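Shown below: input01.pdb, with PDB, C-alpha atoms.
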ATOM      1  CA  MET A   1     -28.830 -69.742  17.884
ATOM      2  CA  PRO A   2     -31.924 -67.592  18.469
ATOM      3  CA  ALA A   3     -34.051 -66.981  15.421
ATOM      4  CA  ARG A   4     -34.984 -63.472  16.490
ATOM      5  CA  ILE A   5     -34.802 -61.168  13.507
ATOM      6  CA  PRO A   6     -35.691 -57.540  14.162
ATOM      7  CA  THR A   7     -38.528 -56.342  12.008
ATOM      8  CA  ALA A   8     -39.061 -52.840  13.406
ATOM      9  CA  GLU A   9     -38.346 -49.944  11.085
ATOM     10  CA  GLU A  10     -36.547 -47.806  13.647
ATOM     11  CA  PRO A  11     -32.979 -48.896  14.387
ATOM     12  CA  ARG A  12     -32.319 -49.995  17.931
ATOM     13  CA  ARG A  13     -29.228 -50.037  20.105
ATOM     14  CA  PRO A  14     -27.051 -53.072  19.562
ATOM     15  CA  HIS A  15     -27.192 -55.668  22.321
ATOM     16  CA  PRO A  16     -23.916 -56.161  24.261
ATOM     17  CA  VAL A  17     -23.853 -59.782  23.070
ATOM     18  CA  GLU A  18     -23.986 -58.593  19.461
ATOM     19  CA  ILE A  19     -21.181 -56.090  20.043
ATOM     20  CA  LEU A  20     -19.077 -58.756  21.745
ATOM     21  CA  ALA A  21     -19.772 -61.231  18.935
ATOM     22  CA  ALA A  22     -18.697 -58.672  16.333
ATOM     23  CA  LEU A  23     -15.487 -57.809  18.183
ATOM     24  CA  CYS A  24     -14.631 -61.510  18.581
ATOM     25  CA  ALA A  25     -15.383 -62.179  14.914
ATOM     26  CA  GLY A  26     -13.157 -59.241  13.987
ATOM     27  CA  SER A  27     -10.356 -60.834  16.014
ATOM     28  CA  LEU A  28     -10.931 -64.067  14.108
ATOM     29  CA  LEU A  29     -10.410 -62.051  10.933
ATOM     30  CA  THR A  30      -6.983 -60.988  12.196
ATOM     31  CA  LEU A  31      -6.039 -64.636  12.762
ATOM     32  CA  MET A  32      -7.490 -65.633   9.390
ATOM     33  CA  LEU A  33      -5.518 -62.952   7.552
ATOM     34  CA  LEU A  34      -2.371 -64.014   9.424
ATOM     35  CA  SER A  35      -2.907 -67.616   8.357
ATOM     36  CA  ASN A  36      -3.877 -66.819   4.764
ATOM     37  CA  GLY A  37      -1.006 -64.337   4.515
ATOM     38  CA  MET A  38       1.400 -67.043   5.640
ATOM     39  CA  MET A  39       0.119 -69.386   2.927
ATOM     40  CA  ALA A  40       0.199 -66.598   0.324
ATOM     41  CA  ALA A  41       3.828 -65.777   1.159
ATOM     42  CA  HIS A  42       4.775 -69.463   1.029
ATOM     43  CA  THR A  43       2.906 -70.181  -2.233
ATOM     44  CA  THR A  44       0.742 -67.658  -4.132
ATOM     45  CA  PRO A  45      -2.193 -65.425  -3.070
ATOM     46  CA  ILE A  46      -4.557 -67.303  -5.391
ATOM     47  CA  PHE A  47      -3.538 -70.674  -4.001
ATOM     48  CA  ALA A  48      -3.901 -69.321  -0.458
ATOM     49  CA  SER A  49      -7.455 -68.194  -1.202
ATOM     50  CA  LEU A  50      -8.231 -71.462  -2.996
ATOM     51  CA  THR A  51      -7.135 -73.569  -0.009
ATOM     52  CA  ALA A  52      -8.905 -71.250   2.440
ATOM     53  CA  HIS A  53     -12.157 -71.715   0.510
ATOM     54  CA  GLY A  54     -11.616 -75.478   0.136
ATOM     55  CA  VAL A  55     -10.827 -76.015   3.808
ATOM     56  CA  GLY A  56     -13.675 -73.648   4.703
ATOM     57  CA  THR A  57     -16.172 -75.657   2.640
ATOM     58  CA  ALA A  58     -15.136 -78.894   4.358
ATOM     59  CA  VAL A  59     -15.286 -77.364   7.843
ATOM     60  CA  ALA A  60     -18.699 -75.820   7.119
ATOM     61  CA  VAL A  61     -20.041 -79.258   6.093
ATOM     62  CA  LEU A  62     -18.697 -80.761   9.315
ATOM     63  CA  LEU A  63     -20.236 -78.009  11.446
ATOM     64  CA  LEU A  64     -23.585 -78.288   9.646
ATOM     65  CA  LEU A  65     -23.644 -82.067  10.218
ATOM     66  CA  LEU A  66     -22.768 -81.526  13.857
ATOM     67  CA  PHE A  67     -25.625 -79.041  14.334
ATOM     68  CA  ARG A  68     -28.029 -81.323  12.495
ATOM     69  CA  LEU A  69     -27.183 -84.287  14.701
ATOM     70  CA  ARG A  70     -27.546 -82.266  17.877
ATOM     71  CA  THR A  71     -30.820 -80.490  17.210
ATOM     72  CA  PRO A  72     -33.939 -82.375  16.134
ATOM     73  CA  PRO A  73     -35.146 -81.283  12.699
ATOM     74  CA  GLN A  74     -37.553 -78.381  12.983
ATOM     75  CA  PRO A  75     -40.207 -77.312  10.537
ATOM     76  CA  ARG A  76     -38.674 -74.585   8.377
ATOM     77  CA  MET A  77     -40.003 -71.207   9.291
ATOM     78  CA  ALA A  78     -41.999 -69.585   6.585
ATOM     79  CA  ALA A  79     -39.139 -67.387   5.375
ATOM     80  CA  SER A  80     -39.263 -67.076   1.624
ATOM     81  CA  ARG A  81     -36.821 -69.114  -0.413
ATOM     82  CA  ALA A  82     -33.595 -67.340  -1.170
ATOM     83  CA  PRO A  83     -33.301 -65.960  -4.707
ATOM     84  CA  LEU A  84     -30.489 -67.525  -6.739
ATOM     85  CA  TRP A  85     -28.381 -64.371  -6.656
ATOM     86  CA  ALA A  86     -28.193 -64.614  -2.866
ATOM     87  CA  TYR A  87     -25.899 -67.620  -3.375
ATOM     88  CA  LEU A  88     -23.312 -65.498  -5.175
ATOM     89  CA  GLY A  89     -21.673 -63.877  -2.130
ATOM     90  CA  GLY A  90     -18.736 -66.244  -2.606
ATOM     91  CA  ILE A  91     -17.958 -64.742  -6.011
ATOM     92  CA  SER A  92     -17.373 -61.258  -4.644
ATOM     93  CA  GLY A  93     -15.535 -62.802  -1.701
ATOM     94  CA  ALA A  94     -13.159 -64.636  -4.030
ATOM     95  CA  LEU A  95     -12.835 -61.556  -6.240
ATOM     96  CA  THR A  96     -11.819 -59.480  -3.201
ATOM     97  CA  VAL A  97      -8.657 -61.561  -2.878
ATOM     98  CA  VAL A  98      -7.728 -61.136  -6.524
ATOM     99  CA  VAL A  99      -8.435 -57.396  -6.608
ATOM    100  CA  SER A 100      -6.669 -56.563  -3.344
ATOM    101  CA  THR A 101      -3.637 -58.622  -4.382
ATOM    102  CA  VAL A 102      -3.303 -56.438  -7.481
ATOM    103  CA  VAL A 103      -3.637 -53.225  -5.446
ATOM    104  CA  VAL A 104      -1.211 -54.328  -2.702
ATOM    105  CA  ASN A 105       1.444 -54.896  -5.357
ATOM    106  CA  SER A 106       0.979 -51.384  -6.795
ATOM    107  CA  SER A 107       2.551 -48.238  -5.342
ATOM    108  CA  LEU A 108      -0.387 -48.007  -2.932
ATOM    109  CA  ALA A 109       1.144 -50.901  -0.963
ATOM    110  CA  LEU A 110      -0.565 -52.507   2.017
ATOM    111  CA  THR A 111      -1.292 -49.230   3.827
ATOM    112  CA  GLY A 112      -3.069 -47.636   0.869
ATOM    113  CA  THR A 113      -4.937 -50.840   0.062
ATOM    114  CA  MET A 114      -6.273 -51.151   3.596
ATOM    115  CA  ALA A 115      -7.280 -47.486   3.839
ATOM    116  CA  LEU A 116      -9.077 -47.485   0.475
ATOM    117  CA  GLY A 117     -10.684 -50.843   1.207
ATOM    118  CA  LEU A 118     -12.015 -49.497   4.503
ATOM    119  CA  ALA A 119     -13.492 -46.479   2.725
ATOM    120  CA  GLY A 120     -15.170 -48.621   0.074
ATOM    121  CA  GLN A 121     -16.550 -51.046   2.617
ATOM    122  CA  VAL A 122     -18.062 -48.382   4.902
ATOM    123  CA  VAL A 123     -19.519 -46.241   2.090
ATOM    124  CA  LEU A 124     -21.221 -49.162   0.356
ATOM    125  CA  ALA A 125     -22.512 -50.514   3.689
ATOM    126  CA  LEU A 126     -24.122 -47.117   4.411
ATOM    127  CA  VAL A 127     -25.686 -47.076   0.942
ATOM    128  CA  PHE A 128     -27.011 -50.623   1.471
ATOM    129  CA  ASP A 129     -28.512 -49.640   4.839
ATOM    130  CA  ALA A 130     -30.070 -46.446   3.496
ATOM    131  CA  THR A 131     -31.659 -48.227   0.521
ATOM    132  CA  GLY A 132     -32.396 -51.638   2.016
ATOM    133  CA  ALA A 133     -30.519 -53.210  -0.878
ATOM    134  CA  LEU A 134     -30.498 -56.894  -1.842
ATOM    135  CA  GLY A 135     -33.403 -58.006   0.287
ATOM    136  CA  LEU A 136     -32.164 -56.800   3.657
ATOM    137  CA  GLU A 137     -34.046 -54.352   5.805
ATOM    138  CA  ARG A 138     -33.734 -50.632   5.123
ATOM    139  CA  ARG A 139     -32.483 -48.696   8.130
ATOM    140  CA  LEU A 140     -31.385 -45.137   8.508
ATOM    141  CA  PRO A 141     -28.439 -45.033  10.909
ATOM    142  CA  ARG A 142     -28.931 -43.277  14.234
ATOM    143  CA  ARG A 143     -26.776 -40.242  14.958
ATOM    144  CA  ASN A 144     -24.685 -42.279  17.387
ATOM    145  CA  ASP A 145     -24.210 -45.014  14.774
ATOM    146  CA  LEU A 146     -22.601 -42.454  12.482
ATOM    147  CA  LEU A 147     -20.468 -41.019  15.297
ATOM    148  CA  ALA A 148     -19.388 -44.545  16.237
ATOM    149  CA  LEU A 149     -18.483 -45.331  12.628
ATOM    150  CA  ALA A 150     -16.535 -42.086  12.279
ATOM    151  CA  ALA A 151     -14.523 -42.802  15.436
ATOM    152  CA  ILE A 152     -13.823 -46.402  14.370
ATOM    153  CA  VAL A 153     -12.751 -45.320  10.869
ATOM    154  CA  ALA A 154     -10.511 -42.549  12.238
ATOM    155  CA  GLY A 155      -8.920 -44.922  14.758
ATOM    156  CA  THR A 156      -8.410 -47.570  12.073
ATOM    157  CA  LEU A 157      -6.714 -45.080   9.743
ATOM    158  CA  LEU A 158      -4.372 -44.005  12.569
ATOM    159  CA  ILE A 159      -3.411 -47.637  13.200
ATOM    160  CA  ILE A 160      -2.920 -48.374   9.500
ATOM    161  CA  PHE A 161      -0.695 -45.323   9.043
ATOM    162  CA  ALA A 162       1.138 -46.049  12.311
ATOM    163  CA  ARG A 163       2.519 -49.136  10.556
ATOM    164  CA  GLY A 164       3.172 -47.330   7.295
ATOM    165  CA  GLY A 165       4.972 -44.518   9.130
ATOM    166  CA  ALA A 166       7.499 -46.838  10.746
ATOM    167  CA  ALA A 167       8.255 -48.835   7.618
TER     168      ALA A 167
ATOM    169  CA  MET B  24      -2.720 -44.590 -10.365
ATOM    170  CA  ILE B  25      -6.324 -43.382 -10.390
ATOM    171  CA  TRP B  26      -7.337 -46.857 -11.547
ATOM    172  CA  MET B  27      -5.465 -48.468  -8.685
ATOM    173  CA  ILE B  28      -7.225 -46.150  -6.217
ATOM    174  CA  LEU B  29     -10.610 -47.071  -7.690
ATOM    175  CA  LEU B  30      -9.658 -50.739  -7.578
ATOM    176  CA  GLY B  31      -8.683 -50.358  -3.910
ATOM    177  CA  ILE B  32     -12.084 -48.851  -3.134
ATOM    178  CA  CYS B  33     -13.696 -51.687  -5.129
ATOM    179  CA  SER B  34     -11.961 -54.310  -3.006
ATOM    180  CA  GLY B  35     -13.660 -52.860   0.075
ATOM    181  CA  MET B  36     -17.021 -52.617  -1.683
ATOM    182  CA  LEU B  37     -16.776 -56.293  -2.607
ATOM    183  CA  VAL B  38     -16.495 -57.095   1.114
ATOM    184  CA  SER B  39     -19.762 -55.283   1.857
ATOM    185  CA  LEU B  40     -21.449 -56.789  -1.201
ATOM    186  CA  SER B  41     -20.447 -60.290  -0.155
ATOM    187  CA  ARG B  42     -21.687 -59.734   3.413
ATOM    188  CA  GLN B  43     -25.007 -58.332   2.183
ATOM    189  CA  LEU B  44     -25.601 -61.298  -0.153
ATOM    190  CA  ASN B  45     -24.632 -63.822   2.520
ATOM    191  CA  GLY B  46     -26.880 -62.036   4.992
ATOM    192  CA  ARG B  47     -29.824 -62.301   2.605
ATOM    193  CA  LEU B  48     -29.149 -66.006   2.068
ATOM    194  CA  ALA B  49     -28.963 -66.550   5.835
ATOM    195  CA  LEU B  50     -32.469 -65.067   6.227
ATOM    196  CA  SER B  51     -33.869 -67.972   4.193
ATOM    197  CA  THR B  52     -31.439 -70.638   5.432
ATOM    198  CA  SER B  53     -29.040 -70.124   8.334
ATOM    199  CA  ALA B  54     -25.835 -68.237   9.041
ATOM    200  CA  MET B  55     -23.758 -71.421   8.819
ATOM    201  CA  GLN B  56     -25.423 -72.524   5.578
ATOM    202  CA  SER B  57     -24.722 -69.151   4.006
ATOM    203  CA  SER B  58     -21.093 -69.501   5.089
ATOM    204  CA  PHE B  59     -21.004 -72.950   3.444
ATOM    205  CA  TRP B  60     -22.338 -71.592   0.141
ATOM    206  CA  ASN B  61     -19.981 -68.613   0.322
ATOM    207  CA  HIS B  62     -16.974 -70.927   0.562
ATOM    208  CA  LEU B  63     -18.195 -73.472  -1.980
ATOM    209  CA  VAL B  64     -19.043 -70.861  -4.622
ATOM    210  CA  GLY B  65     -15.791 -69.016  -3.932
ATOM    211  CA  PHE B  66     -13.871 -72.263  -4.340
ATOM    212  CA  ALA B  67     -15.584 -72.966  -7.663
ATOM    213  CA  VAL B  68     -14.619 -69.484  -8.898
ATOM    214  CA  LEU B  69     -11.029 -69.788  -7.712
ATOM    215  CA  VAL B  70     -10.296 -73.159  -9.359
ATOM    216  CA  PRO B  71     -10.190 -71.693 -12.898
ATOM    217  CA  CYS B  72      -8.354 -68.618 -11.547
ATOM    218  CA  ALA B  73      -5.670 -70.854 -10.025
ATOM    219  CA  LEU B  74      -5.410 -72.877 -13.233
ATOM    220  CA  ILE B  75      -4.884 -69.707 -15.284
ATOM    221  CA  ALA B  76      -2.394 -68.320 -12.753
ATOM    222  CA  GLY B  77      -0.307 -71.498 -12.691
ATOM    223  CA  SER B  78      -1.364 -74.665 -10.954
ATOM    224  CA  LEU B  79      -3.813 -76.102  -8.460
ATOM    225  CA  TRP B  80      -0.962 -77.462  -6.354
ATOM    226  CA  PRO B  81       2.230 -75.373  -6.226
ATOM    227  CA  ALA B  82       5.334 -77.343  -5.244
ATOM    228  CA  GLU B  83       5.782 -75.339  -2.010
ATOM    229  CA  ALA B  84       2.277 -76.190  -0.751
ATOM    230  CA  ALA B  85       3.316 -79.451   0.891
ATOM    231  CA  SER B  86       5.899 -77.742   3.107
ATOM    232  CA  ALA B  87       3.596 -74.983   4.402
ATOM    233  CA  HIS B  88       3.371 -74.498   8.168
ATOM    234  CA  TRP B  89       0.225 -76.068   9.690
ATOM    235  CA  PHE B  90      -1.069 -72.646  10.710
ATOM    236  CA  ALA B  91      -1.169 -71.595   7.046
ATOM    237  CA  TRP B  92      -3.899 -74.222   6.527
ATOM    238  CA  VAL B  93      -6.340 -73.173   9.237
ATOM    239  CA  GLY B  94      -7.371 -69.798   7.739
ATOM    240  CA  GLY B  95     -10.331 -71.384   5.950
ATOM    241  CA  ALA B  96     -11.661 -72.947   9.151
ATOM    242  CA  ILE B  97     -11.482 -69.572  10.896
ATOM    243  CA  GLY B  98     -13.076 -67.920   7.874
ATOM    244  CA  VAL B  99     -16.151 -70.162   8.102
ATOM    245  CA  VAL B 100     -16.910 -68.852  11.586
ATOM    246  CA  PHE B 101     -16.125 -65.280  10.515
ATOM    247  CA  VAL B 102     -18.490 -65.349   7.522
ATOM    248  CA  ALA B 103     -21.224 -67.024   9.578
ATOM    249  CA  SER B 104     -20.833 -64.313  12.232
ATOM    250  CA  GLY B 105     -21.255 -61.611   9.608
ATOM    251  CA  SER B 106     -24.435 -63.268   8.299
ATOM    252  CA  TRP B 107     -25.777 -63.524  11.837
ATOM    253  CA  LEU B 108     -25.001 -59.898  12.664
ATOM    254  CA  ILE B 109     -26.062 -58.048   9.520
ATOM    255  CA  PRO B 110     -29.866 -58.457   9.884
ATOM    256  CA  ARG B 111     -29.532 -57.425  13.538
ATOM    257  CA  LEU B 112     -27.211 -54.422  13.326
ATOM    258  CA  GLY B 113     -27.395 -53.372   9.686
ATOM    259  CA  ALA B 114     -24.512 -53.385   7.224
ATOM    260  CA  ALA B 115     -22.709 -50.260   8.449
ATOM    261  CA  LEU B 116     -22.590 -51.107  12.158
ATOM    262  CA  THR B 117     -21.763 -54.751  11.416
ATOM    263  CA  GLY B 118     -18.863 -53.701   9.211
ATOM    264  CA  GLY B 119     -17.721 -51.043  11.686
ATOM    265  CA  LEU B 120     -17.710 -53.353  14.707
ATOM    266  CA  LEU B 121     -15.988 -56.155  12.774
ATOM    267  CA  VAL B 122     -13.280 -53.685  11.728
ATOM    268  CA  ALA B 123     -13.047 -52.503  15.353
ATOM    269  CA  GLY B 124     -12.421 -56.055  16.561
ATOM    270  CA  GLN B 125      -9.962 -56.648  13.743
ATOM    271  CA  MET B 126      -7.932 -53.513  14.495
ATOM    272  CA  LEU B 127      -7.882 -53.946  18.290
ATOM    273  CA  SER B 128      -6.670 -57.527  17.931
ATOM    274  CA  SER B 129      -4.145 -56.669  15.232
ATOM    275  CA  VAL B 130      -2.575 -53.940  17.402
ATOM    276  CA  ALA B 131      -2.319 -56.466  20.242
ATOM    277  CA  LEU B 132      -0.698 -58.915  17.836
ATOM    278  CA  ASP B 133       1.711 -56.259  16.507
ATOM    279  CA  LEU B 134       2.790 -55.354  20.049
ATOM    280  CA  LEU B 135       3.262 -59.029  20.943
ATOM    281  CA  ARG B 136       5.326 -59.695  17.843
ATOM    282  CA  GLY B 137       7.298 -56.451  18.135
ATOM    283  CA  VAL B 138       6.223 -55.166  14.726
ATOM    284  CA  GLU B 139       7.678 -51.725  13.961
ATOM    285  CA  ALA B 140       5.041 -49.000  14.184
ATOM    286  CA  VAL B 141       4.504 -45.535  15.635
ATOM    287  CA  LEU B 142       3.299 -46.335  19.148
ATOM    288  CA  TRP B 143       1.392 -43.127  19.930
ATOM    289  CA  MET B 144      -0.582 -43.446  16.699
ATOM    290  CA  GLN B 145      -1.470 -47.035  17.541
ATOM    291  CA  LEU B 146      -2.592 -46.114  21.050
ATOM    292  CA  ALA B 147      -4.591 -43.101  19.838
ATOM    293  CA  GLY B 148      -6.193 -45.372  17.245
ATOM    294  CA  VAL B 149      -7.139 -47.915  19.902
ATOM    295  CA  ALA B 150      -8.644 -45.137  22.056
ATOM    296  CA  LEU B 151     -10.707 -43.816  19.139
ATOM    297  CA  ILE B 152     -11.972 -47.304  18.279
ATOM    298  CA  LEU B 153     -12.954 -47.992  21.898
ATOM    299  CA  LEU B 154     -14.795 -44.658  21.896
ATOM    300  CA  GLY B 155     -16.575 -45.744  18.707
ATOM    301  CA  VAL B 156     -17.641 -49.071  20.226
ATOM    302  CA  TYR B 157     -18.899 -47.209  23.306
ATOM    303  CA  LEU B 158     -20.868 -44.759  21.132
ATOM    304  CA  SER B 159     -22.491 -47.589  19.172
ATOM    305  CA  ARG B 160     -23.982 -48.813  22.445
ATOM    306  CA  ARG B 161     -25.353 -45.394  23.444
ATOM    307  CA  GLY B 162     -29.007 -44.728  22.652
TER     308      GLY B 162
END

Full structure transcribed into C-alpha cells:
Amino acid sequence: MPARIPTAEEPRRPHPVEILAALCAGSLLTLMLLSNGMMAAHTTPIFASLTAHGVGTAVAVLLLLLFRLRTPPQPRMAASRAPLWAYLGGISGALTVVVSTVVVNSSLALTGTMALGLAGQVVLALVFDATGALGLERRLPRRNDLLALAAIVAGTLLIIFARGGAA
Amino acid sequence: MIWMILLGICSGMLVSLSRQLNGRLALSTSAMQSSFWNHLVGFAVLVPCALIAGSLWPAEAASAHWFAWVGGAIGVVFVASGSWLIPRLGAALTGGLLVAGQMLSSVALDLLRGVEAVLWMQLAGVALILLGVYLSRRG
C-alpha cells in the first residue's frame, strides 16, 4: 500500500485506481448489508451488528498479523500520534445501526431511511471537506466534484424510489 | 414524524463522522489498523446495547446461514478502504463514489434476484450514477 498522502491545497482529479477502489468497496458494502441483513432478520439488528463487529475485529487482527509477517518492520514515519478521539469512529459506526434500525421501523420505512441517510452523509461530508474538520485536510470541491455528487445522488434517489414504487 | 426525519438524517451523518474519524486515525497508523479499532470499539459499545436489548446470544443465532456470519469480514475491508480513500479524495467524493459502487452493485443484485422494482427508474439511476463517476474523473 503506497504511503502517498496528498498535501497540496488544491484538489486534484481522482486517479482511476482510486475510483475503481471506491466502486469495488461500495460493492462490498452491498454484500455486507446483504449478510448483516440476513443475520438481523434471523436474530435481531443489534445482535447482527454485534457479530459483524466481533467477526470484523478477529479478521482485522488476522490481516494485520499477515501484513506484519510479510513486510519487514519499517521505521514509523514521523506522522503525529493520533489523538484519542480519533479512536472513536467505531462508536458512531455502532450507533448508525441502532439509529437506522429505529428509523426503518417508523413510517419512513427503508426507502425514506436510505434517502435521508444519503442526504445526511453527503451534507456532512461537504461540511467536513470545506472546514477540514477532525484533522483531515481542508479542500474546496471542484465544480466537477459537485456535479458528480449531484448526479450520483440523483441516480441513487431514483434507484431507491424505484424499489419503493414497486412495493 | 419530524423527529424520525431528523434521526434519519443523523444516521447518514454518523456514517460520515465515522469515516472522518477513521481516516484521521489511519493518517497516524494505517488503514487496516483504523479498521481494527473501528470494529473493536464498536463491539465494546454494542455489548451493553445487546445486553439491554435482550441477550448476547439469541437462540436463533446457532442456526443462521453461513453467509449471515461473513458481513463483519467484508466490513473490515470496506472500512479500511474508506480510511485509505478519504485523505486522497476528500470526504464528499469518497462518500459519493462509495455510494455509486453500492448502488450499481445493488441494482445488479436486484435484477439477478428478480426483486420487484420500476425498471426504467433503475436504469435511469444507473445512467446518472455512471455520468457522475465520469464527471468525477474530468478535470

Region 49-58 of chain B surroundings by all atoms listed in the file, 7 Å radius, close-in-sequence under 3 positions cut, as an MDAnalysis selection string: (chainID A and resid 60 64 79:82) or (chainID B and resid 45:46 61:62 99 102:103 106:107)

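Residue nearest Arg13 (chain A) within the list A:Gly93, A:Gly155, A:Gly164, A:Pro141: A:Pro141 [criterion: smallest interatomic distance, all atoms listed in the file].
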
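Counting all atoms listed in the file and comparing B:Gly65, B:Leu40, B:Trp89, B:Ala123, the residue that lies closest to Ala150 (chain B) is B:Ala123.
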
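Distances from A:Ala162, A:Val127, A:Leu110, A:Val17 to chain B were compared using all atoms listed in the file, and the smallest one belongs to A:Ala162.
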
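For the pair CA of Phe47 (chain A) and CA of Leu69 (chain B), the interatomic distance is 8.4 Å.
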
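Remark: residues at most 12 Å from position (-6.6, -45.6, -10.2) in file coordinates are Val102, Val103, Ser106, Ser107, Leu108, Gly112, Thr113 and Leu116 of chain A; Met24, Ile25, Trp26, Met27, Ile28, Leu29, Leu30, Gly31, Ile32 and Cys33 of chain B, using only C-alpha atoms.
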
Pull out every residue that the PyMOL selection byres ((chain A and resi 43) around 10) matches in the shown coordinates and put them as a VMD selection string. (chain A and resid 37 to 42 44 to 48) or (chain B and resid 80 to 87)

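In this structure, CA of Trp85 (chain A) sits 14.4 Å away from CA of Leu63 (chain B).
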
Which residue, B:Trp143, B:Gly137, B:Gly119, B:Gln125, has the smallest gap to Leu146 (chain A) when you use all atoms listed in the file? B:Gly119

Once the PyMOL selection byres ((chain B and resi 155) around 6) has been applied to the shown file, what residues remain in the selection, as a ChimeraX atom specification? /A:148,151-152 /B:152-154,156-158

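Taking CA of Val138 (chain B) as the reference point, CA of Gly165 (chain A) is found at 12.1 Å.
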
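Residues within 8 Å of Val153 (chain A), counting all atoms listed in the file and excluding same-chain residues fewer than 3 positions away, are Leu118, Leu149, Ala150, Thr156 and Leu157 of chain A; Gly119 and Ile152 of chain B.
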